[in-house]
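Visitor: Below is the file target32.pdb, with PDB, C-alpha atoms.
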ATOM      1  CA  MET A   1       0.000   0.000   0.000  1.00  0.00           C
ATOM      2  CA  ASN A   2       1.345   3.407  -0.938  1.00  0.00           C
ATOM      3  CA  GLY A   3      -0.083   5.467   1.893  1.00  0.00           C
ATOM      4  CA  PRO A   4      -2.509   5.456   4.753  1.00  0.00           C
ATOM      5  CA  ALA A   5      -5.987   4.134   3.995  1.00  0.00           C
ATOM      6  CA  PHE A   6      -7.965   6.021   6.618  1.00  0.00           C
ATOM      7  CA  ASP A   7     -11.269   5.163   4.938  1.00  0.00           C
ATOM      8  CA  GLN A   8     -10.488   1.461   5.418  1.00  0.00           C
ATOM      9  CA  ILE A   9      -9.638   1.995   9.085  1.00  0.00           C
ATOM     10  CA  LEU A  10     -12.941   3.806   9.668  1.00  0.00           C
ATOM     11  CA  ARG A  11     -14.886   1.204   7.695  1.00  0.00           C
ATOM     12  CA  ARG A  12     -13.344  -1.663   9.665  1.00  0.00           C
ATOM     13  CA  LEU A  13     -14.064   0.070  12.967  1.00  0.00           C
ATOM     14  CA  LYS A  14     -17.719   0.425  11.957  1.00  0.00           C
ATOM     15  CA  GLU A  15     -17.956  -3.148  10.650  1.00  0.00           C
ATOM     16  CA  ALA A  16     -16.522  -4.426  13.956  1.00  0.00           C
ATOM     17  CA  ASP A  17     -19.164  -2.415  15.887  1.00  0.00           C
ATOM     18  CA  VAL A  18     -16.477  -0.474  17.746  1.00  0.00           C
ATOM     19  CA  GLU A  19     -17.927   2.407  19.756  1.00  0.00           C
ATOM     20  CA  PHE A  20     -15.734   5.454  19.148  1.00  0.00           C
ATOM     21  CA  VAL A  21     -15.723   9.199  18.539  1.00  0.00           C
ATOM     22  CA  LEU A  22     -13.436  10.662  15.889  1.00  0.00           C
ATOM     23  CA  VAL A  23     -11.178  13.501  17.074  1.00  0.00           C
ATOM     24  CA  GLY A  24      -8.018  15.130  15.683  1.00  0.00           C
ATOM     25  CA  GLY A  25      -7.204  15.921  12.062  1.00  0.00           C
ATOM     26  CA  LEU A  26     -10.039  13.987  10.460  1.00  0.00           C
ATOM     27  CA  ALA A  27     -12.525  15.610  12.862  1.00  0.00           C
ATOM     28  CA  LEU A  28     -11.225  18.992  11.707  1.00  0.00           C
ATOM     29  CA  GLY A  29     -12.181  17.955   8.182  1.00  0.00           C
ATOM     30  CA  ALA A  30     -15.734  17.264   9.324  1.00  0.00           C
ATOM     31  CA  TRP A  31     -15.901  20.872  10.509  1.00  0.00           C
ATOM     32  CA  GLY A  32     -14.574  22.244   7.207  1.00  0.00           C
ATOM     33  CA  VAL A  33     -10.841  22.520   7.920  1.00  0.00           C
ATOM     34  CA  ILE A  34      -8.948  20.408   5.438  1.00  0.00           C
ATOM     35  CA  ARG A  35      -5.372  19.528   6.279  1.00  0.00           C
ATOM     36  CA  GLY A  36      -3.107  16.544   6.100  1.00  0.00           C
ATOM     37  CA  THR A  37      -2.948  14.104   8.973  1.00  0.00           C
ATOM     38  CA  LYS A  38      -0.803  11.083   9.717  1.00  0.00           C
ATOM     39  CA  ASP A  39      -3.301   9.070  11.729  1.00  0.00           C
ATOM     40  CA  VAL A  40      -6.886   8.365  12.715  1.00  0.00           C
ATOM     41  CA  ASP A  41      -7.437   9.745  16.222  1.00  0.00           C
ATOM     42  CA  ILE A  42     -10.292   8.222  18.215  1.00  0.00           C
ATOM     43  CA  VAL A  43     -11.625   8.055  21.756  1.00  0.00           C
ATOM     44  CA  VAL A  44     -13.302   4.739  22.518  1.00  0.00           C
ATOM     45  CA  ALA A  45     -15.913   3.388  24.873  1.00  0.00           C
ATOM     46  CA  PRO A  46     -13.858   1.796  27.665  1.00  0.00           C
ATOM     47  CA  ASP A  47     -15.942  -1.335  28.225  1.00  0.00           C
ATOM     48  CA  PRO A  48     -13.967  -4.597  27.887  1.00  0.00           C
ATOM     49  CA  GLU A  49     -15.993  -5.949  24.947  1.00  0.00           C
ATOM     50  CA  ASN A  50     -15.384  -2.774  22.938  1.00  0.00           C
ATOM     51  CA  LEU A  51     -11.655  -2.896  23.714  1.00  0.00           C
ATOM     52  CA  LYS A  52     -11.599  -6.559  22.660  1.00  0.00           C
ATOM     53  CA  ARG A  53     -13.211  -5.646  19.295  1.00  0.00           C
ATOM     54  CA  ILE A  54     -10.571  -2.968  18.686  1.00  0.00           C
ATOM     55  CA  ALA A  55      -7.754  -5.369  19.582  1.00  0.00           C
ATOM     56  CA  GLU A  56      -9.111  -8.085  17.279  1.00  0.00           C
ATOM     57  CA  LEU A  57      -9.499  -5.588  14.442  1.00  0.00           C
ATOM     58  CA  ALA A  58      -5.918  -4.417  15.022  1.00  0.00           C
ATOM     59  CA  VAL A  59      -4.536  -7.943  14.800  1.00  0.00           C
ATOM     60  CA  GLU A  60      -6.600  -8.673  11.655  1.00  0.00           C
ATOM     61  CA  ALA A  61      -5.022  -5.548  10.130  1.00  0.00           C
ATOM     62  CA  HIS A  62      -1.527  -6.849  10.992  1.00  0.00           C
ATOM     63  CA  GLY A  63      -1.360  -4.250  13.753  1.00  0.00           C
ATOM     64  CA  HIS A  64       0.925  -3.885  16.717  1.00  0.00           C
ATOM     65  CA  VAL A  65       1.719  -1.489  19.518  1.00  0.00           C
ATOM     66  CA  GLN A  66       5.328  -0.613  20.199  1.00  0.00           C
ATOM     67  CA  LYS A  67       6.059  -0.480  23.915  1.00  0.00           C
ATOM     68  CA  GLY A  68       9.705   0.301  24.537  1.00  0.00           C
ATOM     69  CA  GLU A  69      11.689  -2.336  22.674  1.00  0.00           C
ATOM     70  CA  ALA A  70       8.745  -4.765  22.518  1.00  0.00           C
ATOM     71  CA  PHE A  71       5.957  -5.150  20.000  1.00  0.00           C
ATOM     72  CA  ILE A  72       2.543  -5.985  21.429  1.00  0.00           C
ATOM     73  CA  SER A  73       0.605  -7.879  18.785  1.00  0.00           C
ATOM     74  CA  THR A  74      -1.955 -10.275  20.286  1.00  0.00           C
ATOM     75  CA  PRO A  75      -5.622  -9.415  20.870  1.00  0.00           C
ATOM     76  CA  PHE A  76      -5.242 -10.040  24.612  1.00  0.00           C
ATOM     77  CA  SER A  77      -2.149  -7.855  25.015  1.00  0.00           C
ATOM     78  CA  ILE A  78      -3.523  -5.006  22.877  1.00  0.00           C
ATOM     79  CA  ALA A  79      -6.837  -5.084  24.769  1.00  0.00           C
ATOM     80  CA  ALA A  80      -4.917  -4.996  28.054  1.00  0.00           C
ATOM     81  CA  GLU A  81      -2.932  -1.996  26.841  1.00  0.00           C
ATOM     82  CA  LEU A  82      -6.179  -0.242  25.840  1.00  0.00           C
ATOM     83  CA  ALA A  83      -7.697  -1.063  29.246  1.00  0.00           C
ATOM     84  CA  SER A  84      -4.910   0.940  30.912  1.00  0.00           C
ATOM     85  CA  GLY A  85      -6.823   4.073  29.908  1.00  0.00           C
ATOM     86  CA  GLU A  86      -3.717   5.629  28.404  1.00  0.00           C
ATOM     87  CA  ARG A  87      -2.990   6.623  24.805  1.00  0.00           C
ATOM     88  CA  VAL A  88      -2.332   3.612  22.561  1.00  0.00           C
ATOM     89  CA  ALA A  89      -0.899   4.041  19.057  1.00  0.00           C
ATOM     90  CA  ILE A  90      -1.673   0.995  16.918  1.00  0.00           C
ATOM     91  CA  GLU A  91       0.351   0.653  13.718  1.00  0.00           C
ATOM     92  CA  THR A  92      -1.670  -1.245  11.093  1.00  0.00           C
ATOM     93  CA  LYS A  93      -1.133  -2.079   7.431  1.00  0.00           C
ATOM     94  CA  MET A  94      -3.707   0.657   6.675  1.00  0.00           C
ATOM     95  CA  GLY A  95      -2.021   3.366   8.760  1.00  0.00           C
ATOM     96  CA  LEU A  96      -1.827   4.551  12.341  1.00  0.00           C
ATOM     97  CA  LEU A  97      -4.871   4.213  14.600  1.00  0.00           C
ATOM     98  CA  ASP A  98      -4.290   6.462  17.605  1.00  0.00           C
ATOM     99  CA  VAL A  99      -6.546   5.768  20.588  1.00  0.00           C
ATOM    100  CA  VAL A 100      -6.017   9.029  22.455  1.00  0.00           C
ATOM    101  CA  GLN A 101      -7.794   8.427  25.743  1.00  0.00           C
ATOM    102  CA  GLY A 102      -5.888   9.512  28.812  1.00  0.00           C
ATOM    103  CA  LEU A 103      -4.258  12.554  27.227  1.00  0.00           C
ATOM    104  CA  ASP A 104      -4.582  15.890  29.009  1.00  0.00           C
ATOM    105  CA  GLY A 105      -7.659  17.716  27.800  1.00  0.00           C
ATOM    106  CA  VAL A 106      -9.256  14.718  26.073  1.00  0.00           C
ATOM    107  CA  PRO A 107     -12.700  14.173  27.600  1.00  0.00           C
ATOM    108  CA  PRO A 108     -13.917  10.654  28.371  1.00  0.00           C
ATOM    109  CA  TYR A 109     -15.837   8.771  25.691  1.00  0.00           C
ATOM    110  CA  ALA A 110     -19.295   9.246  27.294  1.00  0.00           C
ATOM    111  CA  GLU A 111     -18.848  13.013  27.420  1.00  0.00           C
ATOM    112  CA  LEU A 112     -17.583  13.222  23.828  1.00  0.00           C
ATOM    113  CA  ARG A 113     -20.323  10.902  22.534  1.00  0.00           C
ATOM    114  CA  ALA A 114     -23.075  12.929  24.222  1.00  0.00           C
ATOM    115  CA  SER A 115     -22.216  16.016  22.157  1.00  0.00           C
ATOM    116  CA  ALA A 116     -20.878  14.276  19.019  1.00  0.00           C
ATOM    117  CA  VAL A 117     -22.499  14.548  15.614  1.00  0.00           C
ATOM    118  CA  ASP A 118     -22.936  11.631  13.238  1.00  0.00           C
ATOM    119  CA  THR A 119     -21.579  12.491   9.822  1.00  0.00           C
ATOM    120  CA  GLU A 120     -19.891  10.921   6.829  1.00  0.00           C
ATOM    121  CA  ILE A 121     -16.103  10.971   6.709  1.00  0.00           C
ATOM    122  CA  LEU A 122     -14.317   9.371   3.739  1.00  0.00           C
ATOM    123  CA  GLY A 123     -17.551   7.583   2.816  1.00  0.00           C
ATOM    124  CA  VAL A 124     -18.142   6.136   6.299  1.00  0.00           C
ATOM    125  CA  LYS A 125     -20.773   7.384   8.761  1.00  0.00           C
ATOM    126  CA  VAL A 126     -19.062   8.001  12.114  1.00  0.00           C
ATOM    127  CA  ALA A 127     -19.504   9.979  15.325  1.00  0.00           C
ATOM    128  CA  VAL A 128     -17.349  13.124  15.255  1.00  0.00           C
ATOM    129  CA  CYS A 129     -16.622  15.208  18.342  1.00  0.00           C
ATOM    130  CA  SER A 130     -18.468  18.503  18.641  1.00  0.00           C
ATOM    131  CA  ILE A 131     -16.727  21.634  17.450  1.00  0.00           C
ATOM    132  CA  ASP A 132     -16.647  22.910  21.046  1.00  0.00           C
ATOM    133  CA  ALA A 133     -14.947  19.721  22.264  1.00  0.00           C
ATOM    134  CA  LEU A 134     -12.493  19.866  19.360  1.00  0.00           C
ATOM    135  CA  ARG A 135     -11.620  23.480  20.137  1.00  0.00           C
ATOM    136  CA  GLN A 136     -11.106  22.659  23.814  1.00  0.00           C
ATOM    137  CA  MET A 137      -8.831  19.699  23.016  1.00  0.00           C
ATOM    138  CA  LYS A 138      -6.793  21.875  20.626  1.00  0.00           C
ATOM    139  CA  ARG A 139      -6.490  24.665  23.231  1.00  0.00           C
ATOM    140  CA  THR A 140      -5.347  22.198  25.895  1.00  0.00           C
ATOM    141  CA  ALA A 141      -2.802  20.485  23.620  1.00  0.00           C
ATOM    142  CA  GLY A 142      -1.387  23.896  22.714  1.00  0.00           C
ATOM    143  CA  ARG A 143       1.118  22.748  20.093  1.00  0.00           C
ATOM    144  CA  PRO A 144       1.906  25.122  17.194  1.00  0.00           C
ATOM    145  CA  ARG A 145      -0.228  22.943  14.855  1.00  0.00           C
ATOM    146  CA  ASP A 146      -3.146  23.209  17.309  1.00  0.00           C
ATOM    147  CA  HIS A 147      -2.963  27.021  17.290  1.00  0.00           C
ATOM    148  CA  VAL A 148      -3.127  27.002  13.493  1.00  0.00           C
ATOM    149  CA  ASP A 149      -6.034  24.528  13.631  1.00  0.00           C
ATOM    150  CA  LEU A 150      -7.923  26.849  16.013  1.00  0.00           C
ATOM    151  CA  GLU A 151      -7.368  29.817  13.704  1.00  0.00           C
ATOM    152  CA  ASP A 152      -8.575  27.737  10.745  1.00  0.00           C
ATOM    153  CA  LEU A 153     -11.650  26.595  12.712  1.00  0.00           C
ATOM    154  CA  ASP A 154     -12.444  30.205  13.613  1.00  0.00           C
ATOM    155  CA  ALA A 155     -12.109  31.281   9.976  1.00  0.00           C
ATOM    156  CA  THR A 156     -14.225  28.381   8.691  1.00  0.00           C
ATOM    157  CA  CYS A 157     -16.894  28.136  11.405  1.00  0.00           C
ATOM    158  CA  HIS A 158     -17.584  31.685  12.503  1.00  0.00           C
TER     159      HIS A 158
END
Could the structure of this file be written out as structure tokens, please?
Guide:
Amino acid sequence: MNGPAFDQILRRLKEADVEFVLVGGLALGAWGVIRGTKDVDIVVAPDPENLKRIAELAVEAHGHVQKGEAFISTPFSIAAELASGERVAIETKMGLLDVVQGLDGVPPYAELRASAVDTEILGVKVAVCSIDALRQMKRTAGRPRDHVDLEDLDATCH
């Protein structure tokens, strides 16, 4: 594969009945700000069955999580890593799936889902975080890219 296939990642998440809310660069696109991104950022429902579905999907997509010098690549070990409540970056053959729970400023799944909107991204209907939640996450992260994203959101969604 030449590059990331974010549409395939989203489609597989939906087909596996994973409960998630899209955040990050692709969520910006849903709100009219188009920019490149290197991953699919999601916040997931933390129940064990949902985490198991994500882990199984990851393994089916030849995915792994790098933890120090080790590669975590079984459904059980990936699900356990997800259950920690911390950020988990899963490298797959389709691209990077970044489960961003546990980061400063990222609200829990239930809070994000309550205000999320269902919309089509790359041909797949998904829950996307609200513009207010997206702005708050960008403000909290505070990286140079986030400041630009906030300016672009303000210009697009005034």
Visitor: Could you give me, as an MDAnalysis selection string, the residues within 7 Å of range 114-128 of chain A, counting only C-alpha atoms and dropping anything in the same chain fewer than 2 positions from it?
Guide: chainID A and resid 7 10:11 21:23 27 30 110:112 130
Visitor: Counting all atoms listed in the file, figure out which residue out of A:Pro4, A:Pro75, A:Gly85, A:Pro46 gets nearest to Tyr109 in chain A.
Guide: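 With all atoms listed in the file as the atom set, the closest residue is A:Pro46.
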Visitor: In Å, how far is it from CA of Leu153 in chain A to CA of Ile131 in chain A?
Guide: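 Going from CA of Leu153 in chain A over to CA of Ile131 in chain A covers 8.5 Å.
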Visitor: In Å, with one decimal, what is the gap from CA of Ile34 in chain A to CA of Ala58 in chain A?
Guide: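 Computing it gives 26.8 Å between the two atoms.
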Visitor: If you count only C-alpha atoms, which residues fall within 7 Å of range 132-137 of chain A, apart from same-chain ones fewer than 4 positions away, as a PyMOL selection string?
Guide: chain A and resi 23+105-106+141+150
Visitor: Using all atoms listed in the file, which of A:Ile78, A:His147, A:Lys93, A:Gln101 sits nearest Leu51 in chain A?
Guide: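 So, comparing all the options, the nearest one is A:Ile78.
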Visitor: What residues come out when you apply the PyMOL selection byres ((chain A and resi 80) around 12) to this file, written as an MDAnalysis selection string?
Guide: chainID A and resid 46:52 54:56 65 72:79 81:86 88
Visitor: Mind giving me the straight-line distance from CA of Gly95 in chain A to CA of Glu151 in chain A in Å, one decimal?
Guide: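 Rounded to one decimal, the two atoms are 27.4 Å apart.
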Visitor: Give, as lines of an AutoDock Vina configuration file, the centre coordinates and the x, y and z edge lengths in Å to one decimal for an axis-aligned box around all listed atoms of range 128-143 of chain A, padded by 3 Å on each side.
Guide:
center_x = -8.7
center_y = 18.9
center_z = 20.6
size_x = 25.6
size_y = 17.5
size_z = 16.6
